[in-house]
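The block underneath contains the structure these notes are about, expressed in structure tokens.
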Amino acid sequence: MTTLSTPLTELVGVRHPIVQTGMGWVAGPSLVAATADAGGLGILASATMTYDELAAAIAKTRRATSCPFGVNIRADATDARQRVDLLIREGVRVASFALAPRPDLIATLKEAGVVVIPSVGAAKHARKVAQWGADAVVVQGGEGGGHTGPVATTLLLPSVLDAVDIPVVAAGGFFDGRGLAAALSYGAAGVAMGTRFLLTQESTVPDAVKRKYLESGLDGTVVSTRVDGMPHRVLRTPLVESLENGSHATGFVNAVRSAVRFRKMTGMSLRAMVRDGVEMRRSRDLSWAQVLMAANTPMMLKSGLVQGDTDAGVLASGQVVGVLDDVPTVEQLIEHIVHDAVAAIERLGATLDRSDDATPGVR
């Protein structure tokens with residue numbers, strides 16, 4: 001099979017410049033191992049795991065694949081340092097962060113040989129983590145699912161590429177080989193995808209929920225701030241519509257209930273939750289109401305993505321859901337993306353005027 005060598009593949013040691021993002025409740029050992037074996041970079045999601053659950057998930061992934069993989073860590077978690085130490089002990093190849101990690105965490109990981117790849121939403125954030133020593137960044141445009149920003153990938157990506165000299169991975173709106181070829185032509189080192197990997201056979205999302213995704217059109221998502229107080233792209237469902245149309249007081253009450261359930265589920269002490277809340281409020285500049293509302297996210301996502309309750313759960317999704325109509329294996333998905341990307345690049349190459357008496361260009 002043809003491969004595409006980029007700064008990302010060389011940095012991480014994978015065969016293809018394709019990243020499976022660390023989606024909470026979705027990116028578990030089976031999906032990550034399948035992505036790694038197929039030549040991509042699979043990222044374990046740890047934000048919804050306790051420390052012990054993360055240790056078990058890393059061990060399970062390690063047993064399932066000998067290829068490089070990564071782990072996503074909440075940079076504002078109170079036990080972030082302990083999780084970093086775990087990654088180092090277990091020889092995990094990549095540490096990814098949904099928020100900018102502290103400079104000391106980056107230094108510790110790099111000293112141990114772990115590749116550090118934070119996700120960013122603006123050029124200024126990319127410059128900051130690059131100055132701190134990050135090896136690469138993932139930049140997600142507004143088309144992406146989950147927490148997202150207002151700027152489209154087509155504008156955000158070039159702004160970040162112009163701002164830093166480290167590899168940049170593009171996310172938001174990618175699902176096929178044409179998208180990968182386009183990202184590479186911009187200058188990106190690869191693409192990262194969430195929704196596309198959610199709709200694979202190795203994804204543990206219930207089949208009924210996958211069908212819900214496949215039934216959605218290009219207008220089937222909405223960016224809501226009523227889930228957890230921050231812009232969150234999700235599928236349009238009756239629950240989301242009720243959240244959008246309900247009062248802030250009702251959302252606040254639901255958040256309190258979710259916080260209690262999340263505490264029981266994770267075994268976190270009240271003191272630890274308060275510490276996390278203080279750190280979240282400081283790092284994200286949130287109000288206390290927004291901090292409490294953030295407890296909605298893991299519980300509502302679990303209801304939909306794990307328990308299959310689309311009436312009581314929230315389903316994070318990128319806009320690409322409107323053009324997806326199949327549930328391939330991860331291996332089939334990656335093979336098709338790389339094959340189609342190479343074909344697209346070759347078609348572009350064929351348009352170049354390579355005659356001896358002309359300057360190379362497009363004709």
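Note on naming: chains are A, B, ... as they come in the structure tokens, residues start from 1 per chain, ligands start from 1 in the order shown.
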
Residue contacts of region 126-137 of chain A (8 Å, only C-alpha atoms) excluding same-chain residues fewer than 6 positions away, as a list in words: Leu8, Ala100, Pro101, Pro103, Ile106, Ala107, Val115, Val116, Ile117, Pro118, Ser119, Val120, Val160, Ala163, Val164, Ile166, Pro167, Val168 and Val169 of chain A

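For the set A:Ala57, A:Leu352, A:Leu243, A:Val138, the residue with the smallest atom-to-atom gap to Val92 (chain A) is A:Ala57, counting only C-alpha atoms.
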
With a distance cut-off of 7 Å and only C-alpha atoms, select the neighbouring residues of Gly144 (chain A), excluding the residue or stretch itself and same-chain residues fewer than 2 positions from it, and output the selection as an MDAnalysis selection string. chainID A and resid 140:142 146 148 171:173 318:319

Just the selected residues (all heavy atoms), exported as a PDB file, in the first residue's frame, please.
ATOM      1  N   GLN A 140      -8.250  22.708  15.191  1.00  0.00           N
ATOM      2  CA  GLN A 140      -9.598  22.313  14.775  1.00  0.00           C
ATOM      3  C   GLN A 140     -10.438  23.516  14.413  1.00  0.00           C
ATOM      4  O   GLN A 140     -10.620  24.432  15.215  1.00  0.00           O
ATOM      5  CB  GLN A 140     -10.310  21.529  15.878  1.00  0.00           C
ATOM      6  CG  GLN A 140     -11.761  21.178  15.521  1.00  0.00           C
ATOM      7  CD  GLN A 140     -12.448  20.340  16.558  1.00  0.00           C
ATOM      8  OE1 GLN A 140     -11.971  19.276  16.917  1.00  0.00           O
ATOM      9  NE2 GLN A 140     -13.586  20.819  17.060  1.00  0.00           N
ATOM     10  N   GLY A 141     -10.965  23.500  13.188  1.00  0.00           N
ATOM     11  CA  GLY A 141     -11.865  24.545  12.746  1.00  0.00           C
ATOM     12  C   GLY A 141     -13.279  24.324  13.255  1.00  0.00           C
ATOM     13  O   GLY A 141     -13.605  23.289  13.856  1.00  0.00           O
ATOM     14  N   GLY A 142     -14.150  25.292  12.997  1.00  0.00           N
ATOM     15  CA  GLY A 142     -15.496  25.274  13.531  1.00  0.00           C
ATOM     16  C   GLY A 142     -16.362  24.133  13.044  1.00  0.00           C
ATOM     17  O   GLY A 142     -17.400  23.852  13.646  1.00  0.00           O
ATOM     18  N   GLY A 146     -17.837  18.395  19.104  1.00  0.00           N
ATOM     19  CA  GLY A 146     -17.435  18.670  20.480  1.00  0.00           C
ATOM     20  C   GLY A 146     -17.147  20.147  20.667  1.00  0.00           C
ATOM     21  O   GLY A 146     -17.689  21.004  19.963  1.00  0.00           O
ATOM     22  N   THR A 148     -15.685  23.498  20.132  1.00  0.00           N
ATOM     23  CA  THR A 148     -15.149  24.016  18.880  1.00  0.00           C
ATOM     24  C   THR A 148     -15.221  25.532  18.859  1.00  0.00           C
ATOM     25  O   THR A 148     -15.844  26.155  19.726  1.00  0.00           O
ATOM     26  CB  THR A 148     -15.912  23.409  17.685  1.00  0.00           C
ATOM     27  OG1 THR A 148     -15.201  23.628  16.482  1.00  0.00           O
ATOM     28  CG2 THR A 148     -17.322  23.995  17.561  1.00  0.00           C
ATOM     29  N   ALA A 171      -7.808  19.588  11.676  1.00  0.00           N
ATOM     30  CA  ALA A 171      -9.013  18.883  12.115  1.00  0.00           C
ATOM     31  C   ALA A 171     -10.230  19.769  11.878  1.00  0.00           C
ATOM     32  O   ALA A 171     -10.121  20.988  11.844  1.00  0.00           O
ATOM     33  CB  ALA A 171      -8.907  18.520  13.600  1.00  0.00           C
ATOM     34  N   GLY A 172     -11.383  19.121  11.708  1.00  0.00           N
ATOM     35  CA  GLY A 172     -12.618  19.860  11.477  1.00  0.00           C
ATOM     36  C   GLY A 172     -13.022  19.806  10.020  1.00  0.00           C
ATOM     37  O   GLY A 172     -12.509  20.564   9.198  1.00  0.00           O
ATOM     38  N   GLY A 173     -13.912  18.882   9.664  1.00  0.00           N
ATOM     39  CA  GLY A 173     -14.398  18.798   8.288  1.00  0.00           C
ATOM     40  C   GLY A 173     -13.712  17.764   7.427  1.00  0.00           C
ATOM     41  O   GLY A 173     -13.957  17.711   6.212  1.00  0.00           O
ATOM     42  N   GLY A 318     -19.174  16.266  14.347  1.00  0.00           N
ATOM     43  CA  GLY A 318     -18.736  17.242  13.370  1.00  0.00           C
ATOM     44  C   GLY A 318     -19.747  17.347  12.242  1.00  0.00           C
ATOM     45  O   GLY A 318     -20.595  16.474  12.060  1.00  0.00           O
ATOM     46  N   GLN A 319     -19.652  18.410  11.451  1.00  0.00           N
ATOM     47  CA  GLN A 319     -20.573  18.598  10.330  1.00  0.00           C
ATOM     48  C   GLN A 319     -20.428  17.527   9.268  1.00  0.00           C
ATOM     49  O   GLN A 319     -21.355  17.295   8.487  1.00  0.00           O
ATOM     50  CB  GLN A 319     -20.362  19.981   9.710  1.00  0.00           C
ATOM     51  CG  GLN A 319     -20.900  21.126  10.559  1.00  0.00           C
ATOM     52  CD  GLN A 319     -20.727  22.465   9.883  1.00  0.00           C
ATOM     53  OE1 GLN A 319     -19.620  22.827   9.483  1.00  0.00           O
ATOM     54  NE2 GLN A 319     -21.808  23.216   9.742  1.00  0.00           N
TER      55      GLN A 319
END

Please list as a VMD selection string every residue within 9 Å of Ile334 (chain A), counting only C-alpha atoms and excluding residues in the same chain fewer than 4 positions away. chain A and resid 16 18 35 38 to 40 176 to 177 329 to 330 338 to 339

Option closest in space to Leu11 (chain A), from A:Arg196, A:Arg93, A:Lys60, A:Arg81 [counting only C-alpha atoms]: A:Arg93

Using only C-alpha atoms, which protein or nucleic acid residues come within 7 Å of Ser317 (chain A)? Drop anything in the same chain fewer than 3 positions from it, and give the result as a list in words. Gly145, Gly146, Thr195, Thr221, Arg233, Val234, Leu235 and Val321 of chain A

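Reported to one decimal place, the separation of CA of Thr200 (chain A) from CA of Trp25 (chain A) is 14.4 Å.
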
Non-local contacts of region 203-214 of chain A (10 Å; only C-alpha atoms; under 4 positions in same chain excluded) as a PyMOL selection string: chain A and resi 25-32+34+195+197-199+220-221+235-237+302+304-310+315-317+321-327+329-330

The selected residues should be written to file as a PDB file, in the first residue's frame (atoms: C-alpha atoms).
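Full text of again.pdb as output:
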ATOM      1  CA  TRP A  25     -16.381   7.513  25.781  1.00  0.00           C
ATOM      2  CA  VAL A  26     -15.449   6.563  22.186  1.00  0.00           C
ATOM      3  CA  ALA A  27     -11.650   6.369  21.864  1.00  0.00           C
ATOM      4  CA  GLY A  28     -11.004   3.230  23.865  1.00  0.00           C
ATOM      5  CA  PRO A  29      -8.432   0.444  23.424  1.00  0.00           C
ATOM      6  CA  SER A  30     -10.234  -1.366  20.577  1.00  0.00           C
ATOM      7  CA  LEU A  31     -10.511   1.720  18.374  1.00  0.00           C
ATOM      8  CA  VAL A  32      -7.046   3.006  19.226  1.00  0.00           C
ATOM      9  CA  ALA A  34      -7.180  -0.786  15.303  1.00  0.00           C
ATOM     10  CA  THR A 195     -16.785  11.636  13.832  1.00  0.00           C
ATOM     11  CA  PHE A 197     -13.705   7.200  13.351  1.00  0.00           C
ATOM     12  CA  LEU A 198     -16.760   7.092  15.605  1.00  0.00           C
ATOM     13  CA  LEU A 199     -18.599   5.575  12.640  1.00  0.00           C
ATOM     14  CA  GLY A 220     -28.015  17.984  11.414  1.00  0.00           C
ATOM     15  CA  THR A 221     -25.665  19.585  13.954  1.00  0.00           C
ATOM     16  CA  LEU A 235     -26.323  16.425  16.781  1.00  0.00           C
ATOM     17  CA  ARG A 236     -29.728  18.050  16.720  1.00  0.00           C
ATOM     18  CA  THR A 237     -31.865  15.886  18.999  1.00  0.00           C
ATOM     19  CA  LYS A 302     -22.046   8.834  28.362  1.00  0.00           C
ATOM     20  CA  GLY A 304     -25.731   8.723  24.419  1.00  0.00           C
ATOM     21  CA  LEU A 305     -22.395   7.250  23.362  1.00  0.00           C
ATOM     22  CA  VAL A 306     -22.165   4.410  25.890  1.00  0.00           C
ATOM     23  CA  GLN A 307     -25.676   3.686  27.089  1.00  0.00           C
ATOM     24  CA  GLY A 308     -27.295   4.384  23.720  1.00  0.00           C
ATOM     25  CA  ASP A 309     -29.987   6.653  25.148  1.00  0.00           C
ATOM     26  CA  THR A 310     -30.427   9.280  22.450  1.00  0.00           C
ATOM     27  CA  LEU A 315     -24.081  13.245  20.801  1.00  0.00           C
ATOM     28  CA  ALA A 316     -21.025  15.301  19.869  1.00  0.00           C
ATOM     29  CA  SER A 317     -20.557  15.427  16.108  1.00  0.00           C
ATOM     30  CA  VAL A 321     -21.819  13.538   9.659  1.00  0.00           C
ATOM     31  CA  GLY A 322     -24.049  14.851   6.866  1.00  0.00           C
ATOM     32  CA  VAL A 323     -21.933  13.217   4.150  1.00  0.00           C
ATOM     33  CA  LEU A 324     -21.229   9.879   5.841  1.00  0.00           C
ATOM     34  CA  ASP A 325     -23.266   6.817   4.895  1.00  0.00           C
ATOM     35  CA  ASP A 326     -21.225   3.793   5.910  1.00  0.00           C
ATOM     36  CA  VAL A 327     -19.541   2.082   8.874  1.00  0.00           C
ATOM     37  CA  THR A 329     -13.562  -1.138   9.509  1.00  0.00           C
ATOM     38  CA  VAL A 330     -10.750   1.176  10.560  1.00  0.00           C
TER      39      VAL A 330
END

Going by DSSP on the backbone, which bits of region 149-227 of chain A are strand (DSSP E or B)? Write them as a list in words, please. Val168, Val169, Ala170, Ala171, Gly190, Val191, Ala192, Met193, Thr221, Val222, Val223 and Ser224 of chain A

Enumerate the residues of region 174-254 of chain A with a DSSP assignment of alpha helix (DSSP H), computed from the backbone, and present them as an NGL selection string. :A and (177-186 or 195-198 or 207-214 or 238-245 or 248-254)

Quick one: everything within 12 Å of Leu184 (chain A), counting only C-alpha atoms, minus sequence neighbours fewer than 2 positions away in the same chain. Send it as a PyMOL selection string. chain A and resi 4-8+17-18+157-158+161+167-170+174+177-182+186-191+338+341-342+344-345

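Our summary of the geometry notes that CA of Ala123 (chain A) is positioned 13.4 Å from CA of Thr154 (chain A).
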